[in-house]
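Q: Okay, handing you the structure first.
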Amino acid sequence: MEFAELFEFPVVKLNNPTKRRLSMSFLNPLGWIAAITLPIIVVLYLLKLKRRQQIISSTLLWRKSIEDLTANAPFQKLRRNILLYLQLLIAALLTFALARPVMKLSDEQGMKYIVLLDISASMKTRDGEDGVSRIDQAKNITQQLIDQMRAHDRMTLIAFSDKTQILQSETRDKNLLKSRLSLADAEETGTNINDALAFADSLARPDWVQSGEAAPSDAAAYDPRTKIIIISDGNLQEANLSLAQTPNIEYAPVGSTFTANVGITEMDITNDLEKQGVPLVFASVKNYGSEKVSRLLRMQVDGKAADVKSFTLDAGQEARTRLYPLGEDITKASPEALSTTHTVELQLTDESGAALTEPFDVDDAAYGILSPQRDTKVLLVSKGNVFLERLLGLLKNAQLSLVSPDDYRRPAGFDIVIYDNFSPKELGPGNYLFLKSIPPLDGFELMPEVVKNPLIIDWNRVHLLTRYVNFTGVQVLQALEIKHPSWARVMVEAETIPMILSFDRQRVRGVVCAFDPGESDWPLRPSFPIFFMNTMRWLSQSQELKEQPVLKTGTVIPLTPSAAEDRFTIRQPDGRTDTIEIEDGQTAYYADTKHAGFYEISSENGEQIKLALNLTSHVESDIAPKPELQFGRETVQRNFNAGRLAANREVWMWFLWAALGVLALEWLIYCRRTWT
């Protein structure tokens with residue numbers, strides 16, 4: 001406990017509900033020992049001066065000097081003397097200065113600060129003075145807030161990126177808060193503030209809410225002494241938490257308003273249907289600045305140059321391109337190249353090929369793994385669908401089997417089953433595509449009426465199923481109205497009904513299309529083969545991460561041993577290695593994947609895999625700081641200023657300067673008496 005808490009002397013106490021008080025505490029109570037000088041000074045003035053006797057001819061001119069000789073006692077009467085008062089005042093002021101007084105105006109219970117610190121990728125942007133990063137700017141603001149905490153104040157430190165971390169639970173210990181704050185660093189991951197806000201919201205509620213006790217008659221839903229402070233550049237995805245009833249939320253923005261950036265926002269490795277399944281890399285590059293720029297996108301395969309594309313992008317423009325890691329003609333690729341795993345790296349450079357020097361460089365590179373292709377067994381249950389049969393015939397590694405609904409039996413040995421205008425009575429574990437039909441699962445229900453000419457108004461633009469797919473202007477004759485469970489995700493929606501859904505539950509993965517593509521103009525559009533290629537890939541995608549060509553930073557990697565005991569070594573992109581030992585054959589999970597690049601995982605039993613993790617985020621690459629936060633219909637303006645907060649202030653310097661001033665006055669009065 002601090003001395004300030006042990007020696008606290010209330011000066012004024014206001015009798016009101018908030019129990020605020022003006023008080024003074026002393027950081028060095030031992031300084032009060034100097035108060036002994038006060039009686040010593042008084043005693044010195046009481047002592048009678050002992051003078052040497054001297055015979056003189058006359059005392060006429062010595063009347064003033066012999067006044068002290070009138071008393072025979074060793075102590076004389078204390079007389080009014082301005083110098084005495086000034087010297088006592090000097091000693092008192094110096095005593096106060098030595099005791100190091102601290103003035104404060106505080107609540108008896110103090111404030112509770114809940115600080116949400118953004119550590120997502122955009123906080124690595126170096127746009128402060130002398131190239132200071134945004135995370136360092138945010139930590140400086142937090143440091144100021146910690147320094148200004150009063151004796152009864154408490155603080156909770158929460159860091160958030162794609163995950164939420166509790167840096168420090170509620171405490172008054174400033175040194176502990178500063179120590180934990182120093183460990184925070186920006187990660188190369190996306191942003192998800194929902195969990196952090198939900199946790200802060202629970203902490204903002206008073207104790208009776210958290211403990212489940214009955215509410216007092218005059219109780220509020222939130223603690224009025226709590227402040228939630230969000231320190232971020234504002235590049236956040238929309239939060240689900242309503243802030244309408246949550247008081248005292250403040251936003252402290254960081255970052256320069258004149259920051260521009262060009263980055264790789266998307267990367268994927270797939271097959272080109274137009275070129276008989278040739279492996280290709282999809283990539284998107286966007287200019288987030290206000291001026292036209294020229295860039296080169298270079299691709300390296302296994303560290304060797306393979307392809308390059310040039311871009312000239314206007315302000316806000318995004319360009320998509322294809323690059324071929326094994327060449328556009330697959331027949332020229334060697335059998336060894338087709339049967340082995342390759343690393344693919346994309347790098348943005350300026351138009352001369354030199355490395356970029358941007359304030360945000362995390363999105364200047366992207367990484368992927370090109371794995372050997374394997375055959376996919378597909379069963380089509382249909383009365384006949386020319387579009388699907390031709391499309392599936394273009395997939396080089398798809399082995400297609402056809403069966404009519406009348407001859408259908410529960411399939412076995414197929415990677416994907418497609419039900420065209422037909423729904424089975426039951427489903428086993430597997431991967432399924434339903435066209436104008438619904439799966440026989442709880443929660444799915446078919447309404448009796450069909451919807452005529454539904455207009456597609458929106459679709460998910462980031463999911464693998466709908467990536468690079470544009471549904472604008474697609475005309476549909478009719479579609480089913482499907483009631484779906486909450487665990488099914490809407491991929492494409494019309495004005496009143498979902499058009500395409502996806503689900504992944506209890507070893508059953510599926511896609512539901514509420515209309516027949518043959519009853520629309522969709523098969524005549526480029527988006528049709530792209531969507532079905534995405535669907536085939538998503539449905540046939542192994543749950544094992546080692547077969548994923550591209551992963552997001554922050555992905556949790558499961559480590560499954562091949563024996564009862566095993567040891568895994570994970571080499572990170574920066575060369576750092578971690579070792580995880582596993583006993584009893586249990587699966588371990590590795591979550592320290594906050595940097596983009598290649599992760600090499602090797603086990604003691606001989607298994608070796610390589611994973612590619614990327615940022616590739618429109619939200620993080622758009623690094624222009626936001627002056628306000630938008631959470632649904634709720635808006636949080638910039639309303640935080642660390643400098644305005646009341647703080648404990650040491651005032652001993654004031655007493656020292658006052659003592660020096662009084663000493664100067666005492667010296668002046670003494671000199672004037674002497675001169676006169």
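Please note that chains go A, B, ... in the order of the structure tokens, that every chain numbers its residues from 1, and that ligands are numbered from 1 in the order shown.
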So that I can check the surroundings of range 519-524 of chain A, please list as an MDAnalysis selection string every protein, DNA and RNA residue that reaches within 12 Å of it, counting only C-alpha atoms and ignoring chain neighbours fewer than 5 positions away.
A: chainID A and resid 385:388 390:391 421 435:436 452:456 469:479 514 529:532
Q: Among range 211-370 of chain A, which ones does DSSP place in helix (DSSP H, G or I), written as an MDAnalysis selection string?
A: chainID A and resid 211 273:275 330:332 335:339 362:364
Q: I need the residues from that last selection saved to file as an mmCIF file, in the first residue's frame (with N, CA, C and O atoms), if you can.
A:
```cif
data_model
loop_
_atom_site.group_PDB
_atom_site.id
_atom_site.type_symbol
_atom_site.label_atom_id
_atom_site.label_comp_id
_atom_site.auth_asym_id
_atom_site.auth_seq_id
_atom_site.Cartn_x
_atom_site.Cartn_y
_atom_site.Cartn_z
ATOM 1 N N SER A 211 -23.296 -10.346 -9.736
ATOM 2 C CA SER A 211 -23.459 -11.425 -8.758
ATOM 3 C C SER A 211 -24.830 -12.072 -8.813
ATOM 4 O O SER A 211 -25.055 -13.093 -8.180
ATOM 5 N N LEU A 273 -11.030 -23.177 -64.909
ATOM 6 C CA LEU A 273 -11.902 -24.029 -65.708
ATOM 7 C C LEU A 273 -11.712 -23.804 -67.203
ATOM 8 O O LEU A 273 -11.865 -24.718 -68.015
ATOM 9 N N GLU A 274 -11.388 -22.579 -67.594
ATOM 10 C CA GLU A 274 -11.218 -22.267 -69.009
ATOM 11 C C GLU A 274 -9.983 -22.931 -69.595
ATOM 12 O O GLU A 274 -9.866 -23.063 -70.808
ATOM 13 N N LYS A 275 -9.037 -23.316 -68.740
ATOM 14 C CA LYS A 275 -7.797 -23.921 -69.211
ATOM 15 C C LYS A 275 -7.649 -25.347 -68.682
ATOM 16 O O LYS A 275 -6.556 -25.783 -68.324
ATOM 17 N N ILE A 330 -0.670 -26.463 -68.998
ATOM 18 C CA ILE A 330 -0.336 -27.486 -68.014
ATOM 19 C C ILE A 330 0.446 -28.637 -68.633
ATOM 20 O O ILE A 330 1.169 -29.365 -67.935
ATOM 21 N N THR A 331 0.351 -28.796 -69.942
ATOM 22 C CA THR A 331 1.065 -29.898 -70.592
ATOM 23 C C THR A 331 2.573 -29.681 -70.582
ATOM 24 O O THR A 331 3.336 -30.631 -70.759
ATOM 25 N N LYS A 332 2.986 -28.430 -70.395
ATOM 26 C CA LYS A 332 4.419 -28.137 -70.366
ATOM 27 C C LYS A 332 5.013 -28.303 -68.972
ATOM 28 O O LYS A 332 6.237 -28.220 -68.818
ATOM 29 N N PRO A 335 5.965 -33.741 -64.665
ATOM 30 C CA PRO A 335 5.209 -34.578 -63.714
ATOM 31 C C PRO A 335 5.616 -34.315 -62.274
ATOM 32 O O PRO A 335 4.782 -34.382 -61.369
ATOM 33 N N GLU A 336 6.894 -34.017 -62.089
ATOM 34 C CA GLU A 336 7.357 -33.729 -60.728
ATOM 35 C C GLU A 336 6.703 -32.463 -60.189
ATOM 36 O O GLU A 336 6.316 -32.386 -59.015
ATOM 37 N N ALA A 337 6.566 -31.427 -61.046
ATOM 38 C CA ALA A 337 5.934 -30.176 -60.615
ATOM 39 C C ALA A 337 4.480 -30.380 -60.253
ATOM 40 O O ALA A 337 3.951 -29.735 -59.344
ATOM 41 N N LEU A 338 3.791 -31.278 -60.934
ATOM 42 C CA LEU A 338 2.374 -31.524 -60.676
ATOM 43 C C LEU A 338 2.149 -32.383 -59.443
ATOM 44 O O LEU A 338 1.057 -32.373 -58.869
ATOM 45 N N SER A 339 3.130 -33.129 -59.040
ATOM 46 C CA SER A 339 2.953 -34.087 -57.945
ATOM 47 C C SER A 339 3.585 -33.635 -56.638
ATOM 48 O O SER A 339 3.566 -34.384 -55.662
ATOM 49 N N VAL A 362 2.345 -4.436 -44.243
ATOM 50 C CA VAL A 362 1.936 -5.820 -43.986
ATOM 51 C C VAL A 362 1.218 -6.407 -45.193
ATOM 52 O O VAL A 362 1.344 -7.599 -45.494
ATOM 53 N N ASP A 363 0.434 -5.574 -45.899
ATOM 54 C CA ASP A 363 -0.358 -6.069 -47.032
ATOM 55 C C ASP A 363 0.374 -5.982 -48.358
ATOM 56 O O ASP A 363 -0.245 -6.117 -49.420
ATOM 57 N N ASP A 364 1.687 -5.764 -48.330
ATOM 58 C CA ASP A 364 2.467 -5.728 -49.571
ATOM 59 C C ASP A 364 2.908 -7.120 -50.008
ATOM 60 O O ASP A 364 3.539 -7.274 -51.055
#
```
Q: Counting only C-alpha atoms, what are the residues of range 95-199 of chain A within 12 Å of range 621-630 of chain A, and for each of them which pair of atoms is the nearest and at what distance in Å, to one decimal? Sort the table by chain and rising number, as a tab-separated table.
A:
```
residue	atom	partner	partner_atom	distance
A:Ser120	CA	A:Ser621	CA	11.0
A:Ala121	CA	A:Ser621	CA	8.4
A:Ser122	CA	A:Ile623	CA	5.9
A:Met123	CA	A:Ile623	CA	8.5
A:Lys124	CA	A:Ile623	CA	9.8
A:Thr125	CA	A:Ile623	CA	7.6
A:Arg126	CA	A:Ile623	CA	10.5
A:Asp127	CA	A:Ile623	CA	10.2
A:Arg134	CA	A:Pro625	CA	10.1
A:Glu188	CA	A:Ser621	CA	11.0
A:Thr189	CA	A:Ser621	CA	11.0
A:Gly190	CA	A:Ser621	CA	9.8
A:Thr191	CA	A:Ser621	CA	11.6
A:Ile193	CA	A:Leu629	CA	11.3
```
Q: In terms of the shortest atom-to-atom distance over only C-alpha atoms, which of A:Ala488, A:Ala196, A:Leu236, A:Leu86 is closest to Leu116 in chain A?
A: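 Nearest to Leu116 in chain A: A:Ala196.
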Q: When you count only C-alpha atoms, which of these residues is closest to Thr553 in chain A: A:Glu495, A:Glu565, A:Asp233, A:Asp162?
A: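 Checking each candidate against Thr553 in chain A, we get A:Asp162 as the closest.
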Q: Can you tell me which residues surround Thr95 in chain A at a distance of at most 12 Å, considering only C-alpha atoms, apart from same-chain residues fewer than 4 positions away, and format the answer as a list of chain:residue names?
A: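 Here the answer would be A:Phe26, A:Asn28, A:Pro29, A:Leu30, A:Gly31, A:Trp32, A:Ile33, A:Ala34, A:Ala35, A:Ile36, A:Thr37, A:Leu38, A:Leu88, A:Leu89, A:Ile90, A:Ala91, A:Ala99, A:Arg100, A:Pro101, A:Trp652, A:Met653, A:Phe655, A:Leu656, A:Ala658, A:Ala659.
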Q: CA of Ile230 in chain A to CA of Val115 in chain A: how many Å, to one decimal?
A: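 For CA of Ile230 in chain A relative to CA of Val115 in chain A, the distance reads 6.1 Å.
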Q: Just how far from CA of Leu402 in chain A is CA of Val378 in chain A, in Å to one decimal?
A: 8.6 Å
Q: In Å, how far is it from CA of Ala305 in chain A to CA of Asn261 in chain A?
A: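 Computing it gives 24.9 Å between the two atoms.
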Q: So which one's closest to Tyr113 in chain A, A:Asp136, A:Asp592, A:Glu250, A:Asp442? Using only C-alpha atoms, please.
A: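 Looking only at the distances to Tyr113 in chain A, the closest residue turns out to be A:Glu250.
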Q: Would you please give, as a PyMOL selection string, all residues of range 73-211 of chain A that DSSP assigns to strand (DSSP E or B) based on the backbone?
A: chain A and resi 75+101-107+112-118+126+133+154-160+164-171
Q: Just the residues within 9 Å of Thr226 in chain A, please, counting only C-alpha atoms, with nothing from its chain fewer than 6 positions along; format it as a count of residues only.
A: 10
Q: Please provide as an MDAnalysis selection string all residues within 6 Å of Ala159 in chain A, with the sequence filter that same-chain residues fewer than 3 positions apart are discarded (counting only C-alpha atoms).
A: chainID A and resid 116:118 164:165
Q: Can those selected residues be exported to a file as a compact mmCIF listing (two decimals), in the first residue's frame so that it contains C-alpha atoms?
A:
```
# COMPACT_ATOMS: atom_id res chain seq x y z
CA LEU A 116 -9.98 -1.40 -25.02
CA LEU A 117 -6.68 -1.27 -26.90
CA ASP A 118 -6.72 -2.05 -30.62
CA THR A 164 -9.74 -10.59 -27.21
CA GLN A 165 -6.93 -10.67 -24.64
```
Q: Nearest residue to Leu501 in chain A out of A:Ile119, A:Ile438, A:Ala186, A:Ala563, using only C-alpha atoms?
A: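 When distances to Leu501 in chain A are compared using only C-alpha atoms, the smallest one comes from A:Ile438.
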Q: Measuring atom to atom with only C-alpha atoms, identify which of A:His152, A:Thr569, A:Pro424, A:Arg467 is nearest to Arg410 in chain A.
A: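 Checking each of A:His152, A:Thr569, A:Pro424, A:Arg467 against Arg410 in chain A, counting only C-alpha atoms, the winner is A:Pro424.
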Q: Closest to Gln637 in chain A among A:Met491, A:Asp516, A:Tyr251, A:Leu480, using only C-alpha atoms?
A: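 Result for the nearest residue to Gln637 in chain A: A:Tyr251.
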